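Student: Got a file for you: coords.cif, mmCIF, C-alpha atoms.
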data_data
loop_
_atom_site.label_atom_id
_atom_site.label_comp_id
_atom_site.auth_asym_id
_atom_site.auth_seq_id
_atom_site.Cartn_x
_atom_site.Cartn_y
_atom_site.Cartn_z
CA MET A 2 -1.58 -50.45 14.78
CA LYS A 3 -2.96 -51.95 11.58
CA ILE A 4 -3.87 -49.35 8.96
CA GLU A 5 -5.57 -50.21 5.68
CA PHE A 6 -5.65 -47.99 2.64
CA THR A 7 -5.30 -48.11 -1.13
CA LEU A 8 -1.86 -47.51 -2.59
CA ASN A 9 -1.63 -46.96 -6.34
CA GLN A 10 -4.95 -48.77 -6.87
CA GLN A 11 -3.93 -51.77 -4.74
CA PRO A 12 -5.35 -52.42 -1.26
CA ILE A 13 -2.61 -52.51 1.35
CA ALA A 14 -2.34 -52.97 5.12
CA VAL A 15 0.56 -51.82 7.25
CA ASP A 16 1.20 -52.37 10.95
CA VAL A 17 2.92 -49.22 12.19
CA ASP A 18 2.75 -46.42 14.77
CA PRO A 19 -0.40 -44.48 13.81
CA MET A 20 1.50 -41.18 14.15
CA GLN A 21 4.16 -42.29 11.68
CA THR A 22 3.97 -40.13 8.57
CA LEU A 23 2.69 -41.36 5.24
CA LEU A 24 6.09 -40.44 3.82
CA MET A 25 7.98 -42.69 6.23
CA THR A 26 5.46 -45.48 5.59
CA LEU A 27 5.88 -45.21 1.83
CA ARG A 28 9.66 -45.16 1.92
CA GLN A 29 10.36 -47.63 4.73
CA ASP A 30 7.40 -49.98 4.86
CA CYS A 31 6.25 -49.97 1.24
CA GLY A 32 9.61 -49.55 -0.51
CA LEU A 33 8.36 -46.65 -2.61
CA THR A 34 11.13 -44.06 -2.62
CA ALA A 35 10.02 -41.59 -5.28
CA SER A 36 8.58 -39.27 -2.62
CA LYS A 37 11.48 -37.53 -0.93
CA GLU A 38 12.05 -36.03 2.47
CA GLY A 39 13.26 -32.48 1.97
CA CYS A 40 12.33 -29.99 4.67
CA ASN A 41 10.09 -32.25 6.76
CA GLU A 42 7.84 -29.27 7.54
CA GLY A 43 5.53 -28.93 4.55
CA GLU A 44 7.39 -26.19 2.71
CA CYS A 45 9.43 -27.86 -0.04
CA GLY A 46 6.94 -30.26 -1.68
CA ALA A 47 9.50 -33.02 -2.32
CA CYS A 48 7.22 -35.44 -0.44
CA SER A 49 4.09 -34.55 -2.43
CA VAL A 50 1.64 -37.39 -3.05
CA LEU A 51 -2.05 -37.57 -3.87
CA VAL A 52 -4.60 -38.57 -1.24
CA ASN A 53 -8.06 -39.01 -2.75
CA GLY A 54 -6.81 -37.04 -5.75
CA GLN A 55 -5.61 -34.07 -3.68
CA LEU A 56 -2.00 -32.97 -3.44
CA VAL A 57 -0.69 -33.30 0.12
CA ASN A 58 2.63 -33.17 1.94
CA ALA A 59 3.22 -36.78 2.98
CA CYS A 60 5.76 -35.60 5.57
CA LEU A 61 2.98 -33.97 7.63
CA LEU A 62 0.31 -36.63 7.32
CA PRO A 63 0.11 -39.28 10.06
CA ILE A 64 -0.70 -42.67 8.58
CA ALA A 65 -3.76 -42.84 10.87
CA GLN A 66 -5.39 -40.14 8.73
CA VAL A 67 -4.71 -42.13 5.57
CA SER A 68 -6.81 -45.05 6.82
CA GLY A 69 -9.50 -45.90 4.27
CA ASN A 70 -8.18 -43.40 1.71
CA HIS A 71 -6.63 -43.66 -1.74
CA VAL A 72 -2.97 -42.78 -2.08
CA GLN A 73 -1.25 -42.25 -5.38
CA THR A 74 2.48 -41.74 -5.71
CA LEU A 75 4.74 -41.14 -8.66
CA GLU A 76 5.30 -44.89 -8.91
CA GLY A 77 1.58 -45.30 -9.65
CA LEU A 78 1.12 -42.19 -11.74
CA ARG A 79 3.99 -43.06 -14.10
CA GLN A 80 2.04 -46.16 -15.17
CA THR A 81 -0.70 -43.95 -16.57
CA GLU A 82 -0.89 -42.04 -19.84
CA LYS A 83 -1.33 -38.74 -18.01
CA GLY A 84 1.65 -39.43 -15.78
CA GLN A 85 3.81 -40.24 -18.81
CA CYS A 86 2.61 -37.06 -20.50
CA VAL A 87 3.84 -34.91 -17.58
CA ILE A 88 7.12 -36.79 -17.24
CA ASN A 89 7.87 -36.48 -20.96
CA ALA A 90 7.03 -32.78 -20.87
CA LEU A 91 9.45 -32.24 -17.99
CA LEU A 92 12.18 -34.08 -19.93
CA GLU A 93 11.47 -32.14 -23.12
CA ALA A 94 11.56 -28.78 -21.29
CA LYS A 95 14.74 -29.86 -19.46
CA GLY A 96 12.89 -29.21 -16.22
CA VAL A 97 14.93 -31.81 -14.37
CA GLN A 98 18.46 -31.38 -13.10
CA CYS A 99 19.29 -33.09 -9.80
CA GLY A 100 15.85 -34.68 -9.80
CA PHE A 101 15.14 -34.45 -6.07
CA CYS A 102 12.07 -32.22 -6.53
CA SER A 103 10.90 -33.95 -9.71
CA PRO A 104 8.53 -36.57 -8.25
CA GLY A 105 6.69 -33.83 -6.36
CA MET A 106 6.71 -31.59 -9.42
CA VAL A 107 5.14 -34.32 -11.57
CA LEU A 108 2.31 -34.73 -9.07
CA ALA A 109 1.78 -30.97 -8.70
CA LEU A 110 1.68 -30.58 -12.51
CA TYR A 111 -0.71 -33.52 -12.80
CA VAL A 112 -3.13 -31.96 -10.30
CA LEU A 113 -2.86 -28.61 -12.08
CA LEU A 114 -3.74 -30.09 -15.46
CA GLU A 115 -6.59 -32.14 -14.02
CA GLN A 116 -8.07 -28.89 -12.69
CA HIS A 117 -7.01 -26.58 -15.54
CA PRO A 118 -6.40 -28.40 -18.84
CA GLN A 119 -5.33 -25.08 -20.39
CA PRO A 120 -3.73 -23.23 -17.49
CA THR A 121 -2.61 -19.61 -17.39
CA GLU A 122 0.95 -18.89 -16.28
CA GLN A 123 -0.42 -17.60 -12.96
CA GLN A 124 -2.28 -20.86 -12.41
CA VAL A 125 0.88 -22.83 -13.18
CA ARG A 126 2.97 -20.78 -10.77
CA THR A 127 0.34 -21.01 -8.04
CA ALA A 128 0.11 -24.78 -8.53
CA LEU A 129 3.89 -25.09 -8.18
CA SER A 130 4.21 -22.58 -5.33
CA GLY A 131 4.67 -25.29 -2.71
CA ASN A 132 7.30 -27.21 -4.65
CA LEU A 133 10.81 -25.86 -4.35
CA CYS A 134 13.47 -26.50 -6.99
CA ARG A 135 17.02 -25.30 -6.34
CA CYS A 136 18.39 -26.17 -9.79
CA THR A 137 16.20 -25.10 -12.66
CA GLY A 138 15.00 -21.63 -11.71
CA TYR A 139 11.44 -22.86 -12.37
CA SER A 140 11.07 -21.44 -15.90
CA MET A 141 11.66 -24.83 -17.50
CA ILE A 142 9.17 -26.47 -15.16
CA VAL A 143 6.59 -23.82 -16.07
CA ASP A 144 7.37 -24.54 -19.74
CA ALA A 145 6.75 -28.23 -19.05
CA ALA A 146 3.23 -27.43 -17.83
CA PHE A 147 2.37 -25.85 -21.18
CA ILE A 148 4.03 -28.65 -23.15
CA ALA A 149 2.00 -31.21 -21.19
CA ALA A 150 -1.17 -29.18 -21.76
CA THR A 151 -0.53 -28.96 -25.51
CA LYS A 152 0.77 -32.46 -26.17
CA GLY A 153 -1.78 -33.98 -23.83
CA ALA A 154 -4.70 -32.13 -25.41
CA GLY A 155 -7.77 -34.33 -25.09
CA LEU A 156 -6.13 -36.25 -22.27
CA TRP A 157 -6.90 -33.69 -19.57
CA MET W 19 3.03 -45.14 21.03
CA VAL W 20 0.18 -42.79 22.02
CA ALA W 21 -3.47 -43.76 21.87
CA ILE W 22 -5.34 -42.29 18.93
CA TYR W 23 -9.01 -41.69 18.28
CA ARG W 24 -10.51 -40.95 14.87
CA PRO W 25 -14.29 -40.83 15.36
CA THR W 26 -16.78 -40.11 12.60
CA GLN W 27 -19.39 -38.75 15.03
CA LEU W 28 -19.06 -35.56 17.07
CA ALA W 29 -20.72 -37.18 20.10
CA ASP W 30 -18.04 -39.88 20.18
CA ALA W 31 -15.28 -37.27 20.13
CA LEU W 32 -16.87 -35.31 22.99
CA ALA W 33 -17.33 -38.49 25.03
CA VAL W 34 -13.62 -39.29 24.80
CA LEU W 35 -12.62 -35.71 25.65
CA THR W 36 -14.70 -35.91 28.84
CA ASN W 37 -12.43 -38.62 30.20
CA GLU W 38 -9.09 -37.98 28.59
CA THR W 39 -6.93 -35.00 27.83
CA CYS W 40 -6.12 -35.23 24.14
CA THR W 41 -4.27 -33.23 21.53
CA VAL W 42 -7.00 -32.27 19.08
CA PHE W 43 -5.71 -32.79 15.55
CA ALA W 44 -7.54 -31.57 12.43
CA GLY W 45 -5.11 -30.97 9.56
CA GLY W 46 -2.10 -31.19 11.84
CA THR W 47 0.14 -29.11 9.60
CA ASP W 48 1.40 -27.10 12.57
CA LEU W 49 1.17 -29.91 15.15
CA MET W 50 3.34 -32.30 13.14
CA VAL W 51 6.06 -29.66 12.86
CA ARG W 52 5.79 -28.76 16.55
CA HIS W 53 6.06 -32.41 17.64
CA ARG W 54 8.60 -33.67 15.13
CA VAL W 55 11.82 -35.16 16.42
CA ARG W 56 14.17 -35.80 13.53
CA PRO W 57 14.01 -37.55 10.15
CA ASN W 58 12.75 -41.13 10.32
CA ILE W 59 11.65 -40.84 13.95
CA VAL W 60 7.91 -40.77 14.61
CA ALA W 61 6.61 -37.42 15.88
CA ASP W 62 6.54 -37.27 19.68
CA PHE W 63 3.02 -36.62 20.92
CA SER W 64 2.98 -36.79 24.69
CA GLN W 65 -0.77 -37.29 25.09
CA PRO W 66 -3.48 -39.17 23.16
CA VAL W 67 -4.40 -37.69 19.79
CA MET W 68 -8.00 -36.95 18.83
CA PHE W 69 -8.31 -36.72 15.04
CA ILE W 70 -11.37 -34.71 14.03
CA ASP W 71 -10.87 -34.84 10.25
CA ALA W 72 -13.23 -37.81 9.83
CA ILE W 73 -16.19 -36.15 11.61
CA THR W 74 -18.29 -35.43 8.53
CA GLU W 75 -20.59 -33.00 10.35
CA LEU W 76 -17.65 -30.69 11.07
CA GLY W 77 -16.55 -30.71 7.44
CA GLN W 78 -19.50 -28.55 6.48
CA ILE W 79 -20.09 -24.90 5.64
CA GLN W 80 -23.68 -23.82 6.32
CA THR W 81 -25.86 -20.73 6.31
CA LEU W 82 -28.30 -20.44 9.22
CA ALA W 83 -31.79 -18.96 8.92
CA ASP W 84 -30.61 -15.51 10.08
CA GLY W 85 -27.85 -15.47 7.46
CA THR W 86 -25.06 -16.44 9.86
CA LEU W 87 -22.34 -18.46 8.17
CA ARG W 88 -21.11 -21.53 10.08
CA ILE W 89 -17.78 -23.13 9.27
CA GLY W 90 -17.01 -26.52 10.81
CA ALA W 91 -13.75 -27.32 12.57
CA ALA W 92 -12.70 -29.85 9.93
CA VAL W 93 -13.14 -27.50 6.94
CA THR W 94 -9.82 -27.15 5.14
CA LEU W 95 -8.46 -23.92 3.71
CA ALA W 96 -8.82 -25.39 0.21
CA GLN W 97 -12.53 -26.11 0.82
CA LEU W 98 -12.97 -22.60 2.18
CA ILE W 99 -11.35 -20.97 -0.87
CA ALA W 100 -13.52 -23.02 -3.25
CA HIS W 101 -16.83 -22.44 -1.45
CA PRO W 102 -19.36 -19.96 -2.90
CA LEU W 103 -20.69 -18.77 0.47
CA ILE W 104 -17.37 -17.65 1.93
CA PRO W 105 -16.71 -13.87 1.98
CA ASP W 106 -14.06 -12.84 -0.52
CA LEU W 107 -11.80 -11.25 2.12
CA LEU W 108 -11.62 -14.53 4.03
CA LYS W 109 -10.81 -16.39 0.81
CA GLN W 110 -8.05 -13.91 0.02
CA SER W 111 -6.38 -14.37 3.40
CA ALA W 112 -6.73 -18.17 3.28
CA ALA W 113 -5.24 -18.25 -0.22
CA LYS W 114 -2.14 -16.45 1.09
CA ILE W 115 -1.39 -19.24 3.57
CA ALA W 116 1.44 -21.57 2.55
CA ALA W 117 0.83 -23.47 -0.72
CA PRO W 118 -1.85 -25.73 -2.29
CA ALA W 119 -0.75 -29.05 -0.74
CA LEU W 120 -0.74 -27.59 2.75
CA ARG W 121 -4.08 -25.85 2.21
CA ASN W 122 -5.57 -29.23 1.30
CA ARG W 123 -5.00 -30.36 4.91
CA ALA W 124 -4.77 -27.24 7.08
CA THR W 125 -8.04 -25.97 8.58
CA LEU W 126 -9.42 -22.51 9.33
CA VAL W 127 -10.32 -23.48 12.89
CA GLY W 128 -6.82 -24.87 13.38
CA ASN W 129 -5.42 -21.48 12.40
CA VAL W 130 -7.76 -19.89 14.99
CA CYS W 131 -6.91 -22.35 17.78
CA ASN W 132 -3.18 -21.81 17.26
CA ALA W 133 -3.81 -18.20 18.29
CA SER W 134 -0.62 -17.04 16.61
CA PRO W 135 -0.11 -13.25 16.53
CA ALA W 136 0.80 -13.74 12.85
CA ALA W 137 -2.17 -15.99 11.97
CA ASP W 138 -3.36 -15.01 8.52
CA THR W 139 -7.07 -15.54 9.01
CA LEU W 140 -7.45 -13.91 12.44
CA PRO W 141 -7.47 -10.23 11.30
CA ILE W 142 -10.30 -10.86 8.83
CA LEU W 143 -12.24 -12.92 11.39
CA TYR W 144 -11.88 -10.07 13.93
CA LEU W 145 -13.05 -7.66 11.24
CA LEU W 146 -16.15 -9.77 10.53
CA ASP W 147 -17.06 -10.04 14.26
CA ALA W 148 -16.64 -13.83 14.17
CA LYS W 149 -17.74 -16.01 17.07
CA VAL W 150 -16.64 -19.46 18.15
CA GLN W 151 -18.78 -22.27 19.47
CA LEU W 152 -17.24 -24.61 22.04
CA GLN W 153 -18.97 -27.91 22.72
CA SER W 154 -18.49 -30.54 25.38
CA CYS W 155 -20.59 -33.31 26.89
CA GLN W 156 -21.77 -30.79 29.49
CA GLY W 157 -23.12 -28.38 26.90
CA GLU W 158 -21.99 -25.59 24.64
CA ARG W 159 -20.96 -21.96 24.85
CA THR W 160 -20.49 -19.32 22.20
CA MET W 161 -18.13 -16.40 22.58
CA ALA W 162 -16.74 -13.60 20.48
CA LEU W 163 -13.42 -14.42 18.85
CA THR W 164 -11.94 -11.40 20.63
CA GLN W 165 -12.66 -13.16 23.93
CA PHE W 166 -11.35 -16.49 22.69
CA ILE W 167 -7.90 -15.27 21.69
CA LEU W 168 -6.22 -14.33 24.98
CA GLY W 169 -2.62 -14.01 23.80
CA PRO W 170 -0.02 -15.81 21.71
CA GLY W 171 -1.06 -19.48 21.76
CA GLN W 172 -3.53 -18.83 24.58
CA THR W 173 -7.24 -19.60 24.49
CA PRO W 174 -9.78 -20.32 27.25
CA ILE W 175 -10.71 -23.69 25.75
CA ASP W 176 -11.16 -26.40 28.34
CA GLY W 177 -9.70 -29.88 27.90
CA CYS W 178 -13.14 -31.45 27.57
CA GLU W 179 -14.23 -28.93 24.93
CA LEU W 180 -13.96 -28.91 21.18
CA LEU W 181 -14.17 -25.77 19.06
CA THR W 182 -16.80 -27.13 16.70
CA TRP W 183 -18.02 -24.16 14.70
CA LEU W 184 -16.87 -20.73 13.72
CA GLU W 185 -19.71 -18.30 13.06
CA ILE W 186 -19.70 -15.18 10.91
CA PRO W 187 -22.73 -12.86 11.11
CA PRO W 188 -24.15 -11.53 7.84
CA GLN W 189 -22.85 -8.11 6.79
CA GLN W 190 -22.58 -5.88 3.76
CA PHE W 191 -19.61 -3.84 2.60
CA THR W 192 -19.17 -1.70 -0.48
CA GLN W 193 -15.38 -1.81 -0.30
CA THR W 194 -12.73 -4.08 1.16
CA PHE W 195 -8.96 -4.08 1.44
CA TYR W 196 -6.44 -6.79 2.26
CA HIS W 197 -2.68 -6.60 2.21
CA LYS W 198 -0.23 -9.17 3.54
CA VAL W 199 3.45 -8.35 3.69
CA GLY W 200 5.63 -11.45 3.47
CA THR W 201 9.02 -12.30 2.04
CA ARG W 202 7.52 -14.03 -0.98
CA ALA W 203 4.06 -14.73 -2.40
CA ALA W 204 3.79 -18.34 -1.21
CA ASN W 205 4.99 -20.19 1.87
CA ALA W 206 5.75 -16.94 3.71
CA LEU W 207 4.78 -16.19 7.27
CA THR W 208 3.35 -12.72 7.73
CA LYS W 209 5.49 -9.75 8.72
CA VAL W 210 2.42 -7.53 8.95
CA SER W 211 -1.07 -7.71 7.50
CA VAL W 212 -3.93 -5.26 7.24
CA VAL W 213 -7.53 -6.02 6.42
CA ALA W 214 -10.29 -3.44 6.16
CA ALA W 215 -13.87 -2.98 5.01
CA ALA W 216 -16.33 -0.14 4.64
CA GLN W 217 -19.85 0.63 3.62
CA VAL W 218 -20.09 3.94 1.82
CA VAL W 219 -23.34 5.28 0.39
CA ASP W 220 -23.39 8.61 -1.47
CA GLU W 221 -19.93 9.46 -0.10
CA HIS W 222 -21.25 8.96 3.40
CA VAL W 223 -19.38 6.42 5.53
CA LEU W 224 -21.92 4.13 7.22
CA ASP W 225 -19.42 1.50 8.37
CA TRP W 226 -15.64 1.53 8.53
CA ARG W 227 -13.35 -1.11 9.99
CA ILE W 228 -9.68 -2.01 10.04
CA ALA W 229 -7.70 -4.81 11.71
CA PHE W 230 -3.93 -5.31 11.90
CA GLY W 231 -2.15 -8.67 12.18
CA ALA W 232 1.35 -9.45 13.51
CA VAL W 233 1.77 -6.05 15.17
CA ALA W 234 0.79 -6.94 18.75
CA PRO W 235 0.23 -10.08 20.89
CA THR W 236 -3.27 -10.31 19.44
CA VAL W 237 -4.99 -8.74 16.42
CA VAL W 238 -5.43 -4.97 16.74
CA ARG W 239 -8.94 -3.72 16.07
CA SER W 240 -10.42 -0.68 17.80
CA PRO W 241 -14.18 -0.13 17.69
CA SER W 242 -13.74 3.27 19.38
CA LEU W 243 -11.33 4.58 16.73
CA GLU W 244 -13.56 3.14 14.01
CA GLN W 245 -16.42 5.24 15.39
CA LEU W 246 -14.34 8.36 14.69
CA VAL W 247 -14.58 7.57 10.99
CA VAL W 248 -18.17 6.35 10.79
CA GLY W 249 -20.54 9.17 9.91
CA LEU W 250 -17.95 11.26 8.04
CA ASN W 251 -17.99 12.10 4.38
CA VAL W 252 -15.30 10.56 2.22
CA SER W 253 -13.72 13.99 1.62
CA GLN W 254 -13.37 14.55 5.38
CA LEU W 255 -11.55 11.31 6.12
CA GLN W 256 -9.14 11.91 3.27
CA GLN W 257 -7.91 15.26 4.56
CA THR W 258 -4.23 15.14 5.46
CA HIS W 259 -4.64 16.27 9.05
CA PHE W 260 -7.37 13.70 9.66
CA ILE W 261 -5.21 10.90 8.28
CA THR W 262 -2.21 11.99 10.36
CA GLN W 263 -4.33 12.21 13.49
CA LEU W 264 -5.82 8.75 12.96
CA GLN W 265 -2.37 7.31 12.26
CA GLN W 266 -1.15 8.74 15.57
CA GLN W 267 -4.06 7.18 17.43
CA TYR W 268 -3.53 3.77 15.85
CA ALA W 269 0.22 4.07 16.47
CA GLU W 270 -0.49 3.74 20.19
CA LEU W 271 -2.17 0.36 19.63
CA ILE W 272 0.38 -0.98 17.16
CA VAL W 273 3.17 -2.43 19.32
CA PRO W 274 5.09 -4.96 17.21
CA ILE W 275 8.28 -6.81 18.11
CA ASP W 276 11.59 -7.55 16.42
CA ASP W 277 11.89 -11.19 15.40
CA GLN W 278 13.46 -13.35 12.71
CA ARG W 279 10.91 -12.22 10.14
CA SER W 280 10.97 -8.46 10.54
CA THR W 281 11.60 -5.51 12.85
CA ALA W 282 9.21 -3.61 15.07
CA LYS W 283 10.05 -0.34 13.30
CA TYR W 284 9.32 -1.73 9.83
CA ARG W 285 6.09 -3.40 10.92
CA LYS W 286 4.76 -0.26 12.56
CA GLN W 287 5.61 2.01 9.63
CA VAL W 288 4.10 -0.38 7.08
CA ALA W 289 0.94 -0.83 9.16
CA LEU W 290 0.43 2.94 9.37
CA ASN W 291 1.21 3.38 5.66
CA LEU W 292 -1.42 0.77 4.82
CA LEU W 293 -3.93 2.56 7.06
CA LYS W 294 -3.32 5.68 4.98
CA ARG W 295 -3.58 3.74 1.73
CA TRP W 296 -6.92 2.31 2.83
CA LEU W 297 -8.30 5.73 3.80
CA LEU W 298 -7.29 7.18 0.43
CA MET W 299 -8.85 4.24 -1.45
CA ILE W 300 -12.33 4.86 -0.09
CA ASN W 301 -14.81 6.33 -2.51
#
As structure tokens, please, write out the structure in this file.
Tutor:
Amino acid sequence: MKIEFTLNQQPIAVDVDPMQTLLMTLRQDCGLTASKEGCNEGECGACSVLVNGQLVNACLLPIAQVSGNHVQTLEGLRQTEKGQCVINALLEAKGVQCGFCSPGMVLALYVLLEQHPQPTEQQVRTALSGNLCRCTGYSMIVDAAFIAATKGAGLW
Amino acid sequence: MVAIYRPTQLADALAVLTNETCTVFAGGTDLMVRHRVRPNIVADFSQPVMFIDAITELGQIQTLADGTLRIGAAVTLAQLIAHPLIPDLLKQSAAKIAAPALRNRATLVGNVCNASPAADTLPILYLLDAKVQLQSCQGERTMALTQFILGPGQTPIDGCELLTWLEIPPQQFTQTFYHKVGTRAANALTKVSVVAAAQVVDEHVLDWRIAFGAVAPTVVRSPSLEQLVVGLNVSQLQQTHFITQLQQQYAELIVPIDDQRSTAKYRKQVALNLLKRWLLMIN
């Protein structure tokens, strides 16, 4: 079935099973592999992408429901000043080790800062609560949120 | 490949359901897990899928003339939490479900239709005397939520019907209580949950309610036991012998099971402890 949507600001059409997930479509049909498959049940956040600006688990979203919507992945976000701000903050805070969760973390932090330019620690932890990281222990990722808020002042 | 429908009009959805048995799919956060096969294989849905997320009418939250709150079947948990009309207790329970990305897709009505004994929003909806409206091409019917939830995963919904609206009658409380016990703050399924509300004026209890989740096949709420508390003074319901007696009466209704998340013994003890905590909180 032909499905049309916008991917990182570009219109795109794919011809796939409408129940195929957005994650599978991104990785296999669009060649965008930043979003990862972790748990495949909406708990780990490694597959996080933005649909119409909202954070979603791409592993649970059939491509049929993406029809006509705007998808943004890490590949698109990294081209923006805000995306670079979050990525640099994660690097500075050493919030990346194996890197598997990092694409999802960048998107979750981006959404957080769009909603709360000067977040509290509780807001940061709530925003990251659906993104699991088995390496860092989270503290450095929380630090990255504050670095991005400070260094990106005026951006958010 | 199964047939899919993604109408924007409710009438179109009902017309399809008249002729075909479909899996109704709103946020799909439970359905996709239930029907998944393995990585890189498309989820296996055995019958046509009716997506209702694009029906704009059902994405609304409205207040009717008599003050009744109506929540459409496509309203997500995130929309619910952000909406000014939604009672705080319902927001609290919705905010305890999973994590932000999931709440951006998952719906309140989906949580209801799953009819899980551990559903996070069911205890509060029982407490608020919620009703559900079922619509089909033949007409519509409204029933109390307590009649809709028959058992784990069981509802009386007919294949040609769609649960379109959830209704909450207007009500006033002076105090509320909500406690969910899970393994962690986010992404945890409930071991036991307790939600309660009361209206107390001049130390006189005019209304008193409590509902327990994940301690029986369906939510436990007892109007007859609640009537034992209504009409008392706060000092009376906080006497030790009264609390013990009420705990014993509720203990007969609280019949949890052992499963991978918790034990029956733990669930029962915690539920009764939270009943006591709620009674002692009232002022």
Student: Pick out the closest residue to Val51 in chain W from this set: A:Cys40, A:Ala109, A:Ala14, A:Leu114. Count all atoms listed in the file.
Tutor: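 Of the candidates, the smallest distance to Val51 in chain W is held by A:Cys40.
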Student: Would you list which chain W residues are within 12 Å of chain A using all atoms listed in the file, as a VMD selection string?
Tutor: chain W and resid 19 to 25 43 to 73 94 96 to 97 113 to 124 202 to 207
Student: State, in Å with one decimal place, the distance from CA of Asp106 in chain W to CA of Leu297 in chain W.
Tutor: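 So the answer is 19.9 Å.
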Student: Quick one: of A:Arg79, A:Lys95, A:His71, A:Lys152, who's nearest to Tyr139 in chain A, counting only C-alpha atoms?
Tutor: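 Between A:Arg79, A:Lys95, A:His71, A:Lys152, the residue approaching Tyr139 in chain A most closely is A:Lys95.
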Student: Extending 5 Å beyond the listed atoms of range 151-165 of chain W on each side, what axis-aligned box results? I want centre and edge lengths in Å to one decimal, as AutoDock Vina command-line options.
Tutor:
--center_x -17.5 --center_y -22.4 --center_z 24.2 --size_x 21.2 --size_y 31.9 --size_z 20.6
Student: Interatomic distance between CA of Lys283 in chain W and CA of Thr164 in chain W?
Tutor: 25.7 Å
Student: Just say which residues the PyMOL selection byres ((chain W and resi 36) around 12) picks in this file, as a PyMOL selection string.
Tutor: chain W and resi 29-35+37-40+153-157+176-180
Student: Take the PyMOL selection byres ((chain W and resi 82) around 12), run it mentally on this structure, and tell me the resulting residues as a ChimeraX atom specification.
Tutor: /W:79-81,83-89,103,185-188
Student: Next, the residues of the selection above should be written as a compact mmCIF listing (two decimals), keeping the file's coordinate frame with C-alpha atoms.
Tutor:
# COMPACT_ATOMS: atom_id res chain seq x y z
CA ILE W 79 -20.09 -24.90 5.64
CA GLN W 80 -23.68 -23.82 6.32
CA THR W 81 -25.86 -20.73 6.31
CA ALA W 83 -31.79 -18.96 8.92
CA ASP W 84 -30.61 -15.51 10.08
CA GLY W 85 -27.85 -15.47 7.46
CA THR W 86 -25.06 -16.44 9.86
CA LEU W 87 -22.34 -18.46 8.17
CA ARG W 88 -21.11 -21.53 10.08
CA ILE W 89 -17.78 -23.13 9.27
CA LEU W 103 -20.69 -18.77 0.47
CA GLU W 185 -19.71 -18.30 13.06
CA ILE W 186 -19.70 -15.18 10.91
CA PRO W 187 -22.73 -12.86 11.11
CA PRO W 188 -24.15 -11.53 7.84
Student: Can you tell me how far CA of Ala214 in chain W sits from CA of Phe195 in chain W, in Å to one decimal?
Tutor: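 Here the two named atoms are 4.9 Å from each other.
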Student: As a ChimeraX atom specification, please: the residues near Leu143 in chain W (cut-off 9 Å, all atoms listed in the file, same-chain neighbours under 4 positions excluded).
Tutor: /W:108,139,147-149,163,186
Student: Taking the file as shown, what set of residues would the PyMOL selection byres ((chain W and resi 172) around 12) give back, as JSON, numbers by chain?
Tutor: {"W": [130, 131, 132, 133, 134, 135, 164, 165, 166, 167, 168, 169, 170, 171, 173, 174, 175, 176, 235, 236]}
Student: Quick one: residues within 8 Å of Ala145 in chain A, all atoms listed in the file, excluding same-chain residues fewer than 5 positions away - as JSON, numbers by chain?
Tutor: {"A": [87, 90, 91, 93, 94, 96]}
Student: Taking C-alpha atoms for each residue, export the selection above as a compact mmCIF listing (two decimals), in the coordinates of the input.
Tutor:
# COMPACT_ATOMS: atom_id res chain seq x y z
CA VAL A 87 3.84 -34.91 -17.58
CA ALA A 90 7.03 -32.78 -20.87
CA LEU A 91 9.45 -32.24 -17.99
CA GLU A 93 11.47 -32.14 -23.12
CA ALA A 94 11.56 -28.78 -21.29
CA GLY A 96 12.89 -29.21 -16.22
Student: Contacts of range 262-267 of chain W at 8 Å or less, counting all atoms listed in the file, minus same-chain residues fewer than 3 places along, as a PDB file with C-alpha atoms, keeping the file's coordinate frame?
Tutor:
ATOM      1  CA  LEU W 243     -11.330   4.580  16.730  1.00  0.00           C
ATOM      2  CA  THR W 258      -4.230  15.140   5.460  1.00  0.00           C
ATOM      3  CA  HIS W 259      -4.640  16.270   9.050  1.00  0.00           C
ATOM      4  CA  GLU W 270      -0.490   3.740  20.190  1.00  0.00           C
ATOM      5  CA  LEU W 271      -2.170   0.360  19.630  1.00  0.00           C
ATOM      6  CA  LEU W 290       0.430   2.940   9.370  1.00  0.00           C
ATOM      7  CA  LEU W 293      -3.930   2.560   7.060  1.00  0.00           C
ATOM      8  CA  LYS W 294      -3.320   5.680   4.980  1.00  0.00           C
TER       9      LYS W 294
END
